[in-house]
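Before any comments, here is the structure.
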Amino acid sequence: MPELPEVETVRRGLAPVMEGAVITAVEARRPDLRFPFPNDFAKRLKGVQIERLERRGKYLMGHLSSEECLIMHLGMSGRFTIDEFHERKSRRNQPTGALAETGNPKHDHVVFELKSARPARVVYNDPRRFGFMDIVPAAEIDSCKHFALMGPEPLSNYFSAASLNDALSGRSSPIKAALLDQRNVAGLGNIYVCEALYRARVSPRRKAGSVAGKRGERLYGAIIDVLRDAIEAGGSTLRDFAAADGALGYFQHRFDVYDREGEPCRNCKSPIQRIVQSGRSTFFCGQCQR
């Protein structure tokens, strides 16, 4: 599933086309994705301006002039592609935009027609249909079911070494499980938790409550650094991930431990180990991480 860097990469790709644009038409080609679309989905969006596009954890948020918010989640295989009208006219008899590169058109489930200085069509493609879209009143964003229990954004001023320490204090679960809990930190997933724990030299087996003091400070810094590095690199190229322009991220070429079982640690040359925690693969160096 795309994690924070992948979703932020998609947001940055969509923002130049979607922010400030008026939605002239919406086509929902099926009644549901992971969940049913909200009542009057297309009708509520038609004629509305997208004032800004933000990210919260692993969610995209389109703030609308109707005082509502369009919430979008990519699930495991969801992706957006952009087909700009002026580009489409110049490519006769050729696939448009990034659609030719990023997915089968039969899985194009939602189409947004946008009017702005850069008129475009934005298509949501999702073969597995684990993504979803919702519309909530702007005044209820923080209290809605999607965000009410969500922890602080790791790249915001609300996240600090102190807030991380408070979230982990007294917890007996493994530190990896605690970091995957979206109530503690928003947007972290399996890949970047493995990478952050390696950079901080913290064992994924260590009890969360014991990660304090200098360990906690190292972990806080490692979380920030690994997310920033991944965003700069364009996210990770997972099998089902593509940015809005069809380009694939390449941060996986920099992975220190994730999916490197048996390969030498970049620091001590010991083989990277793999264990299963809560049904998820954990990759780490048993020598460097304590």
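Simple scheme: letters A, B, ... for chains in structure tokens order, numbers from 1 for residues in each chain, numbers from 1 for ligands in the order shown.
Residues surrounding range 35-45 of chain A within 9 Å are Ile23, Thr24, Ala25, Val26, Glu27, Ala28, Arg30, Pro31, Asp32, Val48, Gln49, Leu64, Ser66, Leu70, Arg129, Phe130, Gly131, Phe132, Met133, Asp134 and Ile135 of chain A [only C-alpha atoms; sequence separation below 3 positions excluded].
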Need to verify the contact set: Lys176 in chain A, 12 Å, only C-alpha atoms, exclusion of same-chain residues closer than 5 positions in sequence. Can you return it as a ChimeraX atom specification? /A:168,171,181-182,184-185,188-198,202-209,211,219,275-278,280-284
Pull the strand (DSSP E or B) assignments for range 103-177 of chain A out of DSSP run on the backbone, and list those residues as a count of residues only. 21
Have a look at A:Glu68, A:Asn267, A:Pro154, A:Glu261 and name the one nearest to Gln287 in chain A; count only C-alpha atoms. A:Asn267
Nearest to Lys115 in chain A by atom-to-atom distance, counting only C-alpha atoms, from A:His146, A:Arg201, A:Leu14, A:Ile50: A:Ile50
Just checking: using only C-alpha atoms, which residue out of A:His109, A:Arg199, A:Lys58, A:Lys214 ends up closest to Val226 in chain A? A:Arg199
What residues in range 120-284 of chain A get the DSSP label helix (DSSP H, G or I)? Please answer as a tab-separated table (two decimals) with N, CA and C atoms, in the first residue's frame.
chain	number	residue	atom	x	y	z
A	138	ALA	N	-16.54	20.49	5.55
A	138	ALA	CA	-15.24	21.04	5.94
A	138	ALA	C	-15.13	21.21	7.45
A	139	ALA	N	-16.22	21.55	8.09
A	139	ALA	CA	-16.19	21.78	9.53
A	139	ALA	C	-16.01	20.50	10.33
A	140	GLU	N	-16.17	19.35	9.67
A	140	GLU	CA	-16.10	18.06	10.37
A	140	GLU	C	-14.87	17.24	9.99
A	161	ALA	N	10.27	15.02	18.98
A	161	ALA	CA	10.82	13.93	19.79
A	161	ALA	C	10.00	13.77	21.07
A	162	ALA	N	9.54	14.88	21.62
A	162	ALA	CA	8.74	14.83	22.85
A	162	ALA	C	7.39	14.18	22.60
A	163	SER	N	6.73	14.53	21.50
A	163	SER	CA	5.41	13.95	21.22
A	163	SER	C	5.53	12.47	20.91
A	164	LEU	N	6.63	12.07	20.25
A	164	LEU	CA	6.85	10.65	19.97
A	164	LEU	C	7.07	9.90	21.28
A	165	ASN	N	7.86	10.48	22.17
A	165	ASN	CA	8.12	9.85	23.46
A	165	ASN	C	6.81	9.67	24.25
A	166	ASP	N	5.96	10.68	24.22
A	166	ASP	CA	4.68	10.60	24.92
A	166	ASP	C	3.80	9.49	24.34
A	167	ALA	N	3.80	9.36	23.01
A	167	ALA	CA	2.96	8.36	22.37
A	167	ALA	C	3.42	6.94	22.68
A	168	LEU	N	4.74	6.77	22.88
A	168	LEU	CA	5.30	5.44	23.10
A	168	LEU	C	5.39	5.08	24.58
A	175	ILE	N	8.24	-1.87	19.09
A	175	ILE	CA	8.31	-0.52	18.55
A	175	ILE	C	7.80	-0.45	17.12
A	176	LYS	N	8.04	-1.51	16.34
A	176	LYS	CA	7.57	-1.48	14.96
A	176	LYS	C	6.05	-1.40	14.91
A	177	ALA	N	5.36	-2.21	15.73
A	177	ALA	CA	3.90	-2.18	15.75
A	177	ALA	C	3.39	-0.82	16.20
A	178	ALA	N	4.06	-0.21	17.15
A	178	ALA	CA	3.64	1.10	17.65
A	178	ALA	C	3.75	2.17	16.57
A	179	LEU	N	4.80	2.10	15.75
A	179	LEU	CA	4.97	3.08	14.69
A	179	LEU	C	3.99	2.88	13.55
A	180	LEU	N	3.54	1.65	13.35
A	180	LEU	CA	2.55	1.40	12.31
A	180	LEU	C	1.15	1.82	12.74
A	190	ASN	N	4.95	-0.08	6.45
A	190	ASN	CA	5.95	-1.12	6.70
A	190	ASN	C	7.34	-0.75	6.18
A	191	ILE	N	7.39	-0.21	4.98
A	191	ILE	CA	8.69	0.06	4.36
A	191	ILE	C	9.48	1.10	5.16
A	192	TYR	N	8.85	2.25	5.40
A	192	TYR	CA	9.60	3.35	6.00
A	192	TYR	C	9.81	3.18	7.50
A	193	VAL	N	8.98	2.36	8.15
A	193	VAL	CA	9.26	2.03	9.54
A	193	VAL	C	10.51	1.17	9.62
A	194	CYS	N	10.63	0.17	8.74
A	194	CYS	CA	11.84	-0.65	8.71
A	194	CYS	C	13.07	0.22	8.48
A	195	GLU	N	12.98	1.13	7.54
A	195	GLU	CA	14.11	1.97	7.20
A	195	GLU	C	14.47	2.94	8.33
A	196	ALA	N	13.44	3.53	8.95
A	196	ALA	CA	13.69	4.47	10.04
A	196	ALA	C	14.31	3.78	11.24
A	197	LEU	N	13.83	2.58	11.58
A	197	LEU	CA	14.39	1.85	12.72
A	197	LEU	C	15.86	1.50	12.45
A	198	TYR	N	16.18	1.17	11.22
A	198	TYR	CA	17.58	0.87	10.89
A	198	TYR	C	18.44	2.11	11.06
A	199	ARG	N	17.99	3.22	10.53
A	199	ARG	CA	18.78	4.46	10.64
A	199	ARG	C	18.97	4.87	12.10
A	200	ALA	N	17.96	4.58	12.92
A	200	ALA	CA	18.05	4.96	14.34
A	200	ALA	C	18.78	3.91	15.16
A	208	ALA	N	8.13	-0.69	22.80
A	208	ALA	CA	7.97	0.73	22.45
A	208	ALA	C	8.28	1.64	23.62
A	209	GLY	N	7.86	1.23	24.81
A	209	GLY	CA	8.06	2.07	25.98
A	209	GLY	C	9.50	2.25	26.38
A	210	SER	N	10.38	1.38	25.85
A	210	SER	CA	11.80	1.49	26.20
A	210	SER	C	12.58	2.37	25.23
A	213	GLY	N	14.73	8.75	25.62
A	213	GLY	CA	16.03	9.40	25.69
A	213	GLY	C	16.69	9.53	24.33
A	214	LYS	N	17.96	9.16	24.27
A	214	LYS	CA	18.72	9.30	23.02
A	214	LYS	C	18.18	8.41	21.91
A	215	ARG	N	17.70	7.19	22.28
A	215	ARG	CA	17.10	6.32	21.25
A	215	ARG	C	15.90	7.01	20.61
A	216	GLY	N	15.04	7.58	21.46
A	216	GLY	CA	13.86	8.25	20.94
A	216	GLY	C	14.20	9.44	20.06
A	217	GLU	N	15.22	10.19	20.44
A	217	GLU	CA	15.65	11.33	19.64
A	217	GLU	C	16.21	10.87	18.29
A	218	ARG	N	16.99	9.77	18.32
A	218	ARG	CA	17.51	9.24	17.06
A	218	ARG	C	16.37	8.75	16.16
A	219	LEU	N	15.39	8.10	16.76
A	219	LEU	CA	14.27	7.58	15.97
A	219	LEU	C	13.46	8.72	15.37
A	220	TYR	N	13.21	9.74	16.14
A	220	TYR	CA	12.48	10.91	15.63
A	220	TYR	C	13.20	11.48	14.40
A	221	GLY	N	14.50	11.70	14.53
A	221	GLY	CA	15.27	12.24	13.41
A	221	GLY	C	15.28	11.31	12.21
A	222	ALA	N	15.36	10.00	12.48
A	222	ALA	CA	15.39	9.03	11.38
A	222	ALA	C	14.08	9.01	10.62
A	223	ILE	N	12.96	9.13	11.32
A	223	ILE	CA	11.65	9.16	10.65
A	223	ILE	C	11.58	10.35	9.71
A	224	ILE	N	11.97	11.51	10.21
A	224	ILE	CA	11.93	12.72	9.38
A	224	ILE	C	12.83	12.56	8.15
A	225	ASP	N	14.05	12.10	8.38
A	225	ASP	CA	15.03	12.01	7.29
A	225	ASP	C	14.60	11.01	6.22
A	226	VAL	N	14.11	9.84	6.62
A	226	VAL	CA	13.77	8.82	5.63
A	226	VAL	C	12.56	9.25	4.80
A	227	LEU	N	11.61	9.93	5.43
A	227	LEU	CA	10.45	10.40	4.68
A	227	LEU	C	10.85	11.49	3.70
A	228	ARG	N	11.67	12.42	4.14
A	228	ARG	CA	12.11	13.49	3.24
A	228	ARG	C	12.92	12.94	2.08
A	229	ASP	N	13.79	11.99	2.37
A	229	ASP	CA	14.60	11.39	1.30
A	229	ASP	C	13.71	10.69	0.28
A	230	ALA	N	12.70	9.96	0.78
A	230	ALA	CA	11.82	9.22	-0.11
A	230	ALA	C	10.96	10.15	-0.97
A	231	ILE	N	10.47	11.23	-0.37
A	231	ILE	CA	9.68	12.19	-1.13
A	231	ILE	C	10.53	12.83	-2.22
A	232	GLU	N	11.75	13.20	-1.84
A	232	GLU	CA	12.65	13.81	-2.84
A	232	GLU	C	12.93	12.86	-3.99
A	251	PHE	N	13.13	5.37	-4.85
A	251	PHE	CA	13.77	5.31	-3.54
A	251	PHE	C	14.16	3.89	-3.17
A	252	GLN	N	13.52	2.88	-3.77
A	252	GLN	CA	13.86	1.50	-3.41
A	252	GLN	C	15.32	1.20	-3.71
A	253	HIS	N	15.94	1.95	-4.60
A	253	HIS	CA	17.35	1.72	-4.87
A	253	HIS	C	18.23	2.15	-3.70
A	254	ARG	N	17.66	2.89	-2.75
A	254	ARG	CA	18.41	3.35	-1.59
A	254	ARG	C	18.04	2.57	-0.32
Separation of CA of Tyr250 in chain A and CA of Pro174 in chain A, in Å? 29.1 Å
Neighbouring residues of Leu53 in chain A were defined as those with any atom within 12 Å, considering only C-alpha atoms; residues of the same chain fewer than 5 positions away were excluded. Please report them as a list of chain:residue names. A:Val7, A:Glu8, A:Val10, A:Arg11, A:Arg12, A:Gly13, A:Leu14, A:Ala15, A:Pro16, A:Val17, A:Met18, A:Glu19, A:Gly20, A:Ala21, A:Tyr59, A:Leu60, A:Met61, A:Gly62, A:His63, A:Leu64, A:Cys69, A:Leu70, A:Ile71, A:Met72
Between CA of Glu113 in chain A and CA of Arg56 in chain A, measure the distance and give it in Å to one decimal.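 Result for CA of Glu113 in chain A versus CA of Arg56 in chain A: 24.1 Å, one decimal.
The interatomic distance for the pair CA of Thr9 in chain A and CA of Asn125 in chain A works out to 16.5 Å.
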For Gly57 in chain A, work out the shell of residues within 7 Å, counting only C-alpha atoms and skipping chain neighbours fewer than 4 positions away, then give it as number ranges by chain. A: 4, 153, 186-187
Let me see the file: selected residues, N, CA and C atoms, as a PDB file, in the first residue's frame.
ATOM      1  N   LEU A   4       3.198   7.403   3.052  1.00  0.00           N
ATOM      2  CA  LEU A   4       3.199   8.863   3.019  1.00  0.00           C
ATOM      3  C   LEU A   4       3.996   9.432   1.837  1.00  0.00           C
ATOM      4  N   GLU A 153       1.047  14.557  11.959  1.00  0.00           N
ATOM      5  CA  GLU A 153       1.810  14.425  10.724  1.00  0.00           C
ATOM      6  C   GLU A 153       3.300  14.452  11.058  1.00  0.00           C
ATOM      7  N   ALA A 186       0.998   9.579  11.880  1.00  0.00           N
ATOM      8  CA  ALA A 186       0.212   9.424  10.663  1.00  0.00           C
ATOM      9  C   ALA A 186       1.100   9.101   9.467  1.00  0.00           C
ATOM     10  N   GLY A 187       0.655   8.162   8.648  1.00  0.00           N
ATOM     11  CA  GLY A 187       1.265   7.956   7.341  1.00  0.00           C
ATOM     12  C   GLY A 187       2.386   6.957   7.243  1.00  0.00           C
TER      13      GLY A 187
END
Quick one: everything within 10 Å of Arg29 in chain A, counting only C-alpha atoms, minus sequence neighbours fewer than 5 positions away in the same chain. Send it as a PDB file with N, CA and C atoms, in the first residue's frame.
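Below is the file around39.pdb, written as the result:
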ATOM      1  N   LYS A 106     -10.010  -0.309 -18.520  1.00  0.00           N
ATOM      2  CA  LYS A 106     -11.219  -0.922 -17.963  1.00  0.00           C
ATOM      3  C   LYS A 106     -11.299  -0.729 -16.448  1.00  0.00           C
ATOM      4  N   HIS A 107     -10.187  -0.350 -15.841  1.00  0.00           N
ATOM      5  CA  HIS A 107     -10.166  -0.080 -14.405  1.00  0.00           C
ATOM      6  C   HIS A 107     -10.223   1.415 -14.093  1.00  0.00           C
ATOM      7  N   ASP A 108     -10.534   2.240 -15.108  1.00  0.00           N
ATOM      8  CA  ASP A 108     -10.718   3.673 -14.886  1.00  0.00           C
ATOM      9  C   ASP A 108     -12.104   3.865 -14.276  1.00  0.00           C
ATOM     10  N   HIS A 109     -12.169   4.046 -12.966  1.00  0.00           N
ATOM     11  CA  HIS A 109     -13.460   4.035 -12.277  1.00  0.00           C
ATOM     12  C   HIS A 109     -14.058   5.415 -12.044  1.00  0.00           C
ATOM     13  N   VAL A 110     -13.214   6.451 -11.951  1.00  0.00           N
ATOM     14  CA  VAL A 110     -13.715   7.809 -11.729  1.00  0.00           C
ATOM     15  C   VAL A 110     -12.975   8.763 -12.665  1.00  0.00           C
ATOM     16  N   VAL A 111     -13.731   9.652 -13.311  1.00  0.00           N
ATOM     17  CA  VAL A 111     -13.148  10.633 -14.227  1.00  0.00           C
ATOM     18  C   VAL A 111     -13.615  12.025 -13.818  1.00  0.00           C
TER      19      VAL A 111
END
Counting only C-alpha atoms, which residue out of A:Asp256, A:Phe112, A:Arg183, A:Val122 sits closest to Phe147 in chain A? A:Arg183
